[in-house]
>>> print(open('protein_19.pdb').read())   # PDB, C-alpha atoms
MODEL        1
ATOM      1  CA  MET A   1     -11.934 -11.360  14.396
ATOM      2  CA  PRO A   2     -10.317  -7.991  13.745
ATOM      3  CA  HIS A   3      -9.070  -6.954  10.329
ATOM      4  CA  ASN A   4      -6.526  -4.168  10.538
ATOM      5  CA  ILE A   5      -4.027  -3.729   7.727
ATOM      6  CA  THR A   6      -2.337  -0.880   5.906
ATOM      7  CA  ALA A   7      -0.611  -1.734   2.680
ATOM      8  CA  LEU A   8       0.473  -0.783  -0.788
ATOM      9  CA  ILE A   9      -0.749  -2.828  -3.731
ATOM     10  CA  LEU A  10       1.548  -2.602  -6.742
ATOM     11  CA  LYS A  11       0.421  -3.496 -10.241
ATOM     12  CA  GLY A  12       3.120  -5.134 -12.329
ATOM     13  CA  GLU A  13       6.489  -6.689 -11.869
ATOM     14  CA  TYR A  14       9.042  -5.601  -9.285
ATOM     15  CA  GLY A  15      12.564  -6.472  -8.222
ATOM     16  CA  LYS A  16      12.293  -8.711  -5.162
ATOM     17  CA  ASP A  17      15.960  -8.182  -4.288
ATOM     18  CA  ILE A  18      15.482  -4.411  -4.317
ATOM     19  CA  ALA A  19      12.211  -4.594  -2.370
ATOM     20  CA  ILE A  20      13.876  -6.558   0.427
ATOM     21  CA  LYS A  21      16.360  -3.685   0.917
ATOM     22  CA  TYR A  22      13.380  -1.535   1.896
ATOM     23  CA  ASP A  23      11.692  -4.191   4.070
ATOM     24  CA  LEU A  24       9.018  -4.655   1.419
ATOM     25  CA  VAL A  25       8.019  -8.302   1.506
ATOM     26  CA  GLY A  26       5.575  -8.945  -1.309
ATOM     27  CA  LYS A  27       2.465 -11.085  -1.085
ATOM     28  CA  ASP A  28       1.180 -12.180  -4.498
ATOM     29  CA  LEU A  29      -2.534 -11.399  -4.866
ATOM     30  CA  GLY A  30      -2.896 -12.700  -8.418
ATOM     31  CA  PHE A  31      -3.953 -10.405 -11.274
ATOM     32  CA  ASN A  32      -0.311  -9.212 -11.474
ATOM     33  CA  LEU A  33      -0.745  -7.460  -8.099
ATOM     34  CA  THR A  34       1.516  -7.584  -5.057
ATOM     35  CA  LEU A  35       0.672  -6.425  -1.538
ATOM     36  CA  PHE A  36       3.318  -4.796   0.678
ATOM     37  CA  HIS A  37       2.506  -4.057   4.320
ATOM     38  CA  VAL A  38       3.429  -0.534   5.438
ATOM     39  CA  SER A  39       2.675   1.687   8.414
ATOM     40  CA  HIS A  40       2.697   5.377   9.219
ATOM     41  CA  ASN A  41       6.073   4.986  10.951
ATOM     42  CA  TYR A  42       7.465   3.015   8.013
ATOM     43  CA  ALA A  43       6.466   5.803   5.597
ATOM     44  CA  SER A  44       7.745   8.550   7.919
ATOM     45  CA  TYR A  45      11.122   6.851   8.243
ATOM     46  CA  TRP A  46      11.641   6.459   4.488
ATOM     47  CA  GLN A  47      10.400  10.004   3.886
ATOM     48  CA  PHE A  48      13.208  11.140   6.219
ATOM     49  CA  ILE A  49      15.828   8.860   4.622
ATOM     50  CA  PHE A  50      14.943  10.019   1.093
ATOM     51  CA  GLY A  51      14.859  13.673   2.204
ATOM     52  CA  LEU A  52      11.349  14.162   0.832
ATOM     53  CA  LYS A  53       8.675  16.540   2.017
ATOM     54  CA  GLY A  54       4.995  16.420   1.239
ATOM     55  CA  PHE A  55       2.228  13.933   0.782
ATOM     56  CA  LEU A  56       0.287  12.215  -1.934
ATOM     57  CA  GLU A  57      -3.161  13.668  -2.510
ATOM     58  CA  SER A  58      -5.968  11.552  -1.101
ATOM     59  CA  ALA A  59      -9.378  11.658   0.490
ATOM     60  CA  LYS A  60      -8.254   9.819   3.610
ATOM     61  CA  PRO A  61     -10.433  10.435   6.646
ATOM     62  CA  ALA A  62      -8.907  13.076   8.901
ATOM     63  CA  SER A  63      -9.185  10.817  11.942
ATOM     64  CA  TRP A  64      -7.177   7.975  10.314
ATOM     65  CA  THR A  65      -3.415   7.677  10.533
ATOM     66  CA  ILE A  66      -2.929   6.372   7.014
ATOM     67  CA  PRO A  67       0.459   6.925   5.412
ATOM     68  CA  THR A  68       0.411   9.098   2.298
ATOM     69  CA  GLU A  69       4.009  10.301   2.364
ATOM     70  CA  LEU A  70       5.630  10.898  -1.038
ATOM     71  CA  ALA A  71       8.176   8.269  -0.004
ATOM     72  CA  LEU A  72       5.593   5.580  -0.752
ATOM     73  CA  ALA A  73       5.481   6.523  -4.446
ATOM     74  CA  GLU A  74       9.276   6.754  -4.436
ATOM     75  CA  LEU A  75       9.550   3.248  -2.979
ATOM     76  CA  MET A  76       7.218   1.850  -5.643
ATOM     77  CA  LYS A  77       9.330   3.550  -8.329
ATOM     78  CA  LYS A  78      12.562   2.187  -6.861
ATOM     79  CA  ILE A  79      11.418  -1.422  -6.734
ATOM     80  CA  SER A  80       9.807  -1.201 -10.191
ATOM     81  CA  ALA A  81      12.823   0.438 -11.854
ATOM     82  CA  THR A  82      15.049  -2.533 -12.470
ATOM     83  CA  PRO A  83      17.121  -3.360 -15.554
ATOM     84  CA  TYR A  84      14.713  -6.130 -16.541
ATOM     85  CA  ILE A  85      11.502  -4.167 -16.023
ATOM     86  CA  ALA A  86      10.694  -1.364 -18.467
ATOM     87  CA  THR A  87       7.537   0.567 -17.679
ATOM     88  CA  PRO A  88       6.658   4.185 -18.407
ATOM     89  CA  TYR A  89       4.743   4.510 -15.158
ATOM     90  CA  ILE A  90       3.789   2.614 -12.035
ATOM     91  CA  GLU A  91       0.313   2.075 -10.662
ATOM     92  CA  PHE A  92      -0.347   1.334  -7.030
ATOM     93  CA  ALA A  93      -2.947   1.728  -4.321
ATOM     94  CA  ILE A  94      -2.729   2.607  -0.663
ATOM     95  CA  ILE A  95      -5.276   0.600   1.305
ATOM     96  CA  SER A  96      -6.254   0.441   4.945
ATOM     97  CA  THR A  97      -8.824  -1.523   6.919
ATOM     98  CA  ASP A  98     -10.067  -1.229  10.473
ATOM     99  CA  TYR A  99     -12.761  -3.809  11.266
ATOM    100  CA  PHE A 100     -13.778  -5.657  14.379
ATOM    101  CA  GLY A 101     -16.713  -8.037  14.439
ATOM    102  CA  GLY A 102     -17.785  -6.937  10.974
ATOM    103  CA  ILE A 103     -18.082  -3.282  11.984
ATOM    104  CA  GLY A 104     -15.552  -0.717  10.860
ATOM    105  CA  SER A 105     -14.291   1.041   7.786
ATOM    106  CA  GLN A 106     -11.752   0.976   4.991
ATOM    107  CA  PHE A 107      -9.877   3.362   2.750
ATOM    108  CA  ALA A 108      -8.207   3.198  -0.650
ATOM    109  CA  SER A 109      -6.515   5.599  -3.038
ATOM    110  CA  VAL A 110      -4.957   4.756  -6.410
ATOM    111  CA  TYR A 111      -1.924   6.444  -7.967
ATOM    112  CA  LYS A 112      -0.157   6.508 -11.286
ATOM    113  CA  ASN A 113       3.390   7.436 -10.273
ATOM    114  CA  ASP A 114       2.655  10.108  -7.653
ATOM    115  CA  THR A 115      -0.577  11.389  -9.237
ATOM    116  CA  TRP A 116      -3.912  10.596  -7.615
ATOM    117  CA  VAL A 117      -5.952   8.744 -10.242
ATOM    118  CA  SER A 118      -9.521   9.483  -9.098
ATOM    119  CA  LYS A 119     -11.317  11.060  -6.180
ATOM    120  CA  LYS A 120     -14.143   8.593  -6.851
ATOM    121  CA  ILE A 121     -12.049   5.566  -5.856
ATOM    122  CA  THR A 122     -12.329   5.388  -2.074
ATOM    123  CA  THR A 123     -12.959   1.713  -1.316
ATOM    124  CA  ILE A 124     -10.625  -1.236  -1.627
ATOM    125  CA  ASN A 125     -12.967  -3.003  -4.068
ATOM    126  CA  GLU A 126     -12.966   0.069  -6.333
ATOM    127  CA  ALA A 127      -9.165   0.268  -6.169
ATOM    128  CA  LEU A 128      -8.763  -3.429  -6.947
ATOM    129  CA  ALA A 129     -11.192  -3.200  -9.872
ATOM    130  CA  TYR A 130      -9.238  -0.236 -11.256
ATOM    131  CA  LEU A 131      -6.004  -2.239 -10.947
ATOM    132  CA  GLY A 132      -7.526  -5.085 -12.968
ATOM    133  CA  VAL A 133      -9.184  -7.486 -10.544
ATOM    134  CA  THR A 134     -12.234  -9.271 -11.906
ATOM    135  CA  SER A 135     -14.232 -10.688  -9.032
ATOM    136  CA  LYS A 136     -15.047 -14.387  -8.978
ATOM    137  CA  ALA A 137     -18.678 -15.504  -8.903
ATOM    138  CA  GLY A 138     -20.214 -14.818  -5.510
ATOM    139  CA  LEU A 139     -17.185 -12.845  -4.269
ATOM    140  CA  ASP A 140     -16.193  -9.212  -4.338
ATOM    141  CA  GLU A 141     -12.713  -8.053  -5.386
ATOM    142  CA  PHE A 142     -11.503  -7.967  -1.744
ATOM    143  CA  ASP A 143     -12.357 -11.644  -1.266
ATOM    144  CA  THR A 144     -11.225 -12.648  -4.770
ATOM    145  CA  VAL A 145      -7.603 -11.603  -4.084
ATOM    146  CA  GLY A 146      -7.647 -13.095  -0.574
ATOM    147  CA  LEU A 147      -7.483  -9.916   1.494
ATOM    148  CA  VAL A 148     -10.038 -11.449   3.837
ATOM    149  CA  ASN A 149      -7.238 -13.806   4.983
ATOM    150  CA  ILE A 150      -4.660 -11.061   5.605
ATOM    151  CA  ARG A 151      -5.914  -9.751   8.925
ATOM    152  CA  SER A 152      -3.035  -7.903  10.613
ATOM    153  CA  GLN A 153       0.278  -6.176  10.146
ATOM    154  CA  PRO A 154       3.534  -8.169  10.343
ATOM    155  CA  ASP A 155       5.757  -7.707  13.388
ATOM    156  CA  MET A 156       8.674  -6.650  11.174
ATOM    157  CA  LEU A 157       7.118  -3.171  10.937
ATOM    158  CA  ASP A 158       7.464  -2.672  14.709
ATOM    159  CA  LYS A 159      11.089  -1.563  14.371
ATOM    160  CA  TYR A 160       9.979   1.562  12.482
ATOM    161  CA  SER A 161       8.407   2.966  15.625
ATOM    162  CA  ASP A 162      11.831   2.836  17.304
ATOM    163  CA  LEU A 163      13.567   4.260  14.213
ATOM    164  CA  CYS A 164      11.136   7.190  14.134
ATOM    165  CA  GLU A 165      11.696   7.824  17.818
ATOM    166  CA  LYS A 166      15.493   7.645  17.335
ATOM    167  CA  HIS A 167      15.354  10.260  14.557
ATOM    168  CA  ASP A 168      12.704  12.367  16.347
ATOM    169  CA  LEU A 169      10.192  11.966  13.534
TER     170      LEU A 169
ENDMDL
END
>>> encode(input="protein_19.pdb", output="structure tokens")
Amino acid sequence: MPHNITALILKGEYGKDIAIKYDLVGKDLGFNLTLFHVSHNYASYWQFIFGLKGFLESAKPASWTIPTELALAELMKKISATPYIATPYIEFAIISTDYFGGIGSQFASVYKNDTWVSKKITTINEALAYLGVTSKAGLDEFDTVGLVNIRSQPDMLDKYSDLCEKHDL
């Protein structure tokens, strides 16, 4: 079975009502982590809407279309900045998988606000460990939080392809 997801993983609390306004539907991973599916078109659209230019630093493979637009950090700030949540900074990861039949690759980068935390964190397990996941006996961090069961992107992201085309992005 294929495993192809691109997502943000936010550490800490967030405003669900605010997240919904940005089509960010959270999936609780435990360990005070929430996964939000995103795509390149999703990030491009919000980059345009927010009027931002530029990208988050990362070591993403040149051949991968992984979103690193500054809008992703802005979105994490917006959903974390609610009256009932007081935090001096946000921590999140951008993750991506592309597997079929057990063969493929993955990518991860971790950020504190919009600053790249470490060039040494390049795998999802490393990112999850940094964000506080302690693997269960016999499992790695990926399996511990249930990412093995989240295999594809939700259809709700499809509309962002049309929105990007409409705005010539």
>>> closest_residue(input="protein_19.pdb", among="A:Ser105, A:Thr115, A:Asn4, A:Gln153", to="A:Ser58", atoms="all atoms listed in the file")
A:Thr115
>>> atom_distance(input="protein_19.pdb", atom1="atom CA of A:Glu91", atom2="atom CA of A:Ile79")
12.3 Å
>>> residues_around(input="protein_19.pdb", residues="A:Leu169", least_positions_apart="5", cutoff="9 Å", atoms="all atoms listed in the file", output="JSON, numbers by chain")
{"A": [41, 44, 45, 48, 163, 164]}
>>> resolve_selection(input="protein_19.pdb", expression="the PyMOL selection byres ((chain A and resi 95) around 7)", output="NGL selection string")
:A and (6-8 or 93-94 or 96-97 or 107-109 or 124)
>>> axis_aligned_box(input="protein_19.pdb", around="stretch 44-47 of chain A", padding_each_side="3 Å", output="JSON")
{"center_x": 9.7, "center_y": 8.2, "center_z": 6.1, "size_x": 9.9, "size_y": 9.5, "size_z": 10.4}
>>> resolve_selection(input="protein_19.pdb", expression="the PyMOL selection byres ((chain A and resi 154) around 10)", output="VMD selection string")
chain A and resid 5 25 37 to 38 150 to 153 155 to 158
>>> closest_residue(input="protein_19.pdb", among="A:Tyr14, A:Asp143, A:Gln47, A:Lys60", to="A:Lys119", atoms="all atoms listed in the file")
A:Lys60
>>> atom_distance(input="protein_19.pdb", atom1="atom CA of A:Gly138", atom2="atom CA of A:Thr123")
18.5 Å
>>> atom_distance(input="protein_19.pdb", atom1="atom CA of A:Thr122", atom2="atom CA of A:Val110")
8.6 Å
>>> closest_residue(input="protein_19.pdb", among="A:Gly30, A:Pro67, A:Pro61, A:Pro88", to="A:Thr134", atoms="all atoms listed in the file")
A:Gly30
>>> resolve_selection(input="protein_19.pdb", expression="the PyMOL selection byres ((chain A and resi 29) around 9)", output="MDAnalysis selection string")
chainID A and resid 9 27:28 30:35 144:147
>>> residues_around(input="protein_19.pdb", residues="A:Glu126", least_positions_apart="5", cutoff="9 Å", atoms="all atoms listed in the file", output="list in words")
Ala108, Lys120, Ile121, Leu131 and Glu141 of chain A
>>> build_atoms(input="protein_19.pdb", residues="stretch 121-153 of chain A", atoms="N, CA and C atoms", output="compact mmCIF listing (two decimals), keeping the file's coordinate frame")
# COMPACT_ATOMS: atom_id res chain seq x y z
N ILE A 121 -12.49 6.87 -6.37
CA ILE A 121 -12.05 5.57 -5.86
C ILE A 121 -11.69 5.74 -4.39
N THR A 122 -12.56 5.22 -3.51
CA THR A 122 -12.33 5.39 -2.07
C THR A 122 -12.40 4.06 -1.31
N THR A 123 -12.88 3.01 -1.98
CA THR A 123 -12.96 1.71 -1.32
C THR A 123 -11.92 0.76 -1.91
N ILE A 124 -11.61 -0.26 -1.17
CA ILE A 124 -10.62 -1.24 -1.63
C ILE A 124 -11.14 -1.98 -2.87
N ASN A 125 -12.42 -2.33 -2.89
CA ASN A 125 -12.97 -3.00 -4.07
C ASN A 125 -12.84 -2.13 -5.31
N GLU A 126 -13.11 -0.85 -5.19
CA GLU A 126 -12.97 0.07 -6.33
C GLU A 126 -11.51 0.14 -6.79
N ALA A 127 -10.60 0.21 -5.84
CA ALA A 127 -9.16 0.27 -6.17
C ALA A 127 -8.72 -1.02 -6.87
N LEU A 128 -9.14 -2.15 -6.35
CA LEU A 128 -8.76 -3.43 -6.95
C LEU A 128 -9.34 -3.57 -8.35
N ALA A 129 -10.58 -3.14 -8.54
CA ALA A 129 -11.19 -3.20 -9.87
C ALA A 129 -10.41 -2.32 -10.84
N TYR A 130 -10.03 -1.12 -10.41
CA TYR A 130 -9.24 -0.24 -11.26
C TYR A 130 -7.91 -0.90 -11.64
N LEU A 131 -7.30 -1.60 -10.71
CA LEU A 131 -6.00 -2.24 -10.95
C LEU A 131 -6.12 -3.55 -11.73
N GLY A 132 -7.35 -3.94 -12.08
CA GLY A 132 -7.53 -5.08 -12.97
C GLY A 132 -8.11 -6.35 -12.38
N VAL A 133 -8.60 -6.30 -11.15
CA VAL A 133 -9.18 -7.49 -10.54
C VAL A 133 -10.61 -7.68 -11.06
N THR A 134 -10.88 -8.87 -11.52
CA THR A 134 -12.23 -9.27 -11.91
C THR A 134 -12.72 -10.23 -10.84
N SER A 135 -13.77 -9.87 -10.14
CA SER A 135 -14.23 -10.69 -9.03
C SER A 135 -14.77 -12.03 -9.52
N LYS A 136 -14.53 -13.05 -8.70
CA LYS A 136 -15.05 -14.39 -8.98
C LYS A 136 -16.53 -14.43 -8.60
N ALA A 137 -17.24 -15.36 -9.17
CA ALA A 137 -18.68 -15.50 -8.90
C ALA A 137 -18.94 -15.62 -7.40
N GLY A 138 -19.83 -14.79 -6.92
CA GLY A 138 -20.21 -14.82 -5.51
C GLY A 138 -19.26 -14.11 -4.57
N LEU A 139 -18.17 -13.54 -5.10
CA LEU A 139 -17.18 -12.84 -4.27
C LEU A 139 -17.00 -11.42 -4.78
N ASP A 140 -16.60 -10.54 -3.88
CA ASP A 140 -16.19 -9.21 -4.34
C ASP A 140 -14.69 -9.24 -4.61
N GLU A 141 -14.13 -8.13 -5.05
CA GLU A 141 -12.71 -8.05 -5.39
C GLU A 141 -11.83 -8.32 -4.16
N PHE A 142 -12.22 -7.79 -3.01
CA PHE A 142 -11.50 -7.97 -1.74
C PHE A 142 -11.32 -9.45 -1.44
N ASP A 143 -12.41 -10.21 -1.54
CA ASP A 143 -12.36 -11.64 -1.27
C ASP A 143 -11.65 -12.41 -2.39
N THR A 144 -11.83 -11.97 -3.63
CA THR A 144 -11.22 -12.65 -4.77
C THR A 144 -9.71 -12.71 -4.65
N VAL A 145 -9.07 -11.61 -4.20
CA VAL A 145 -7.60 -11.60 -4.08
C VAL A 145 -7.11 -12.13 -2.73
N GLY A 146 -8.03 -12.49 -1.85
CA GLY A 146 -7.65 -13.10 -0.57
C GLY A 146 -7.34 -12.13 0.55
N LEU A 147 -7.75 -10.87 0.41
CA LEU A 147 -7.48 -9.92 1.49
C LEU A 147 -8.22 -10.29 2.78
N VAL A 148 -9.29 -11.01 2.67
CA VAL A 148 -10.04 -11.45 3.84
C VAL A 148 -9.15 -12.29 4.76
N ASN A 149 -8.13 -12.95 4.20
CA ASN A 149 -7.24 -13.81 4.98
C ASN A 149 -6.00 -13.09 5.52
N ILE A 150 -5.80 -11.85 5.12
CA ILE A 150 -4.66 -11.06 5.60
C ILE A 150 -5.23 -10.09 6.63
N ARG A 151 -5.14 -10.44 7.90
CA ARG A 151 -5.91 -9.75 8.93
C ARG A 151 -5.13 -8.73 9.75
N SER A 152 -3.80 -8.80 9.75
CA SER A 152 -3.04 -7.90 10.61
C SER A 152 -1.68 -7.59 10.00
N GLN A 153 -1.03 -6.62 10.59
CA GLN A 153 0.28 -6.18 10.15
C GLN A 153 1.36 -7.13 10.65
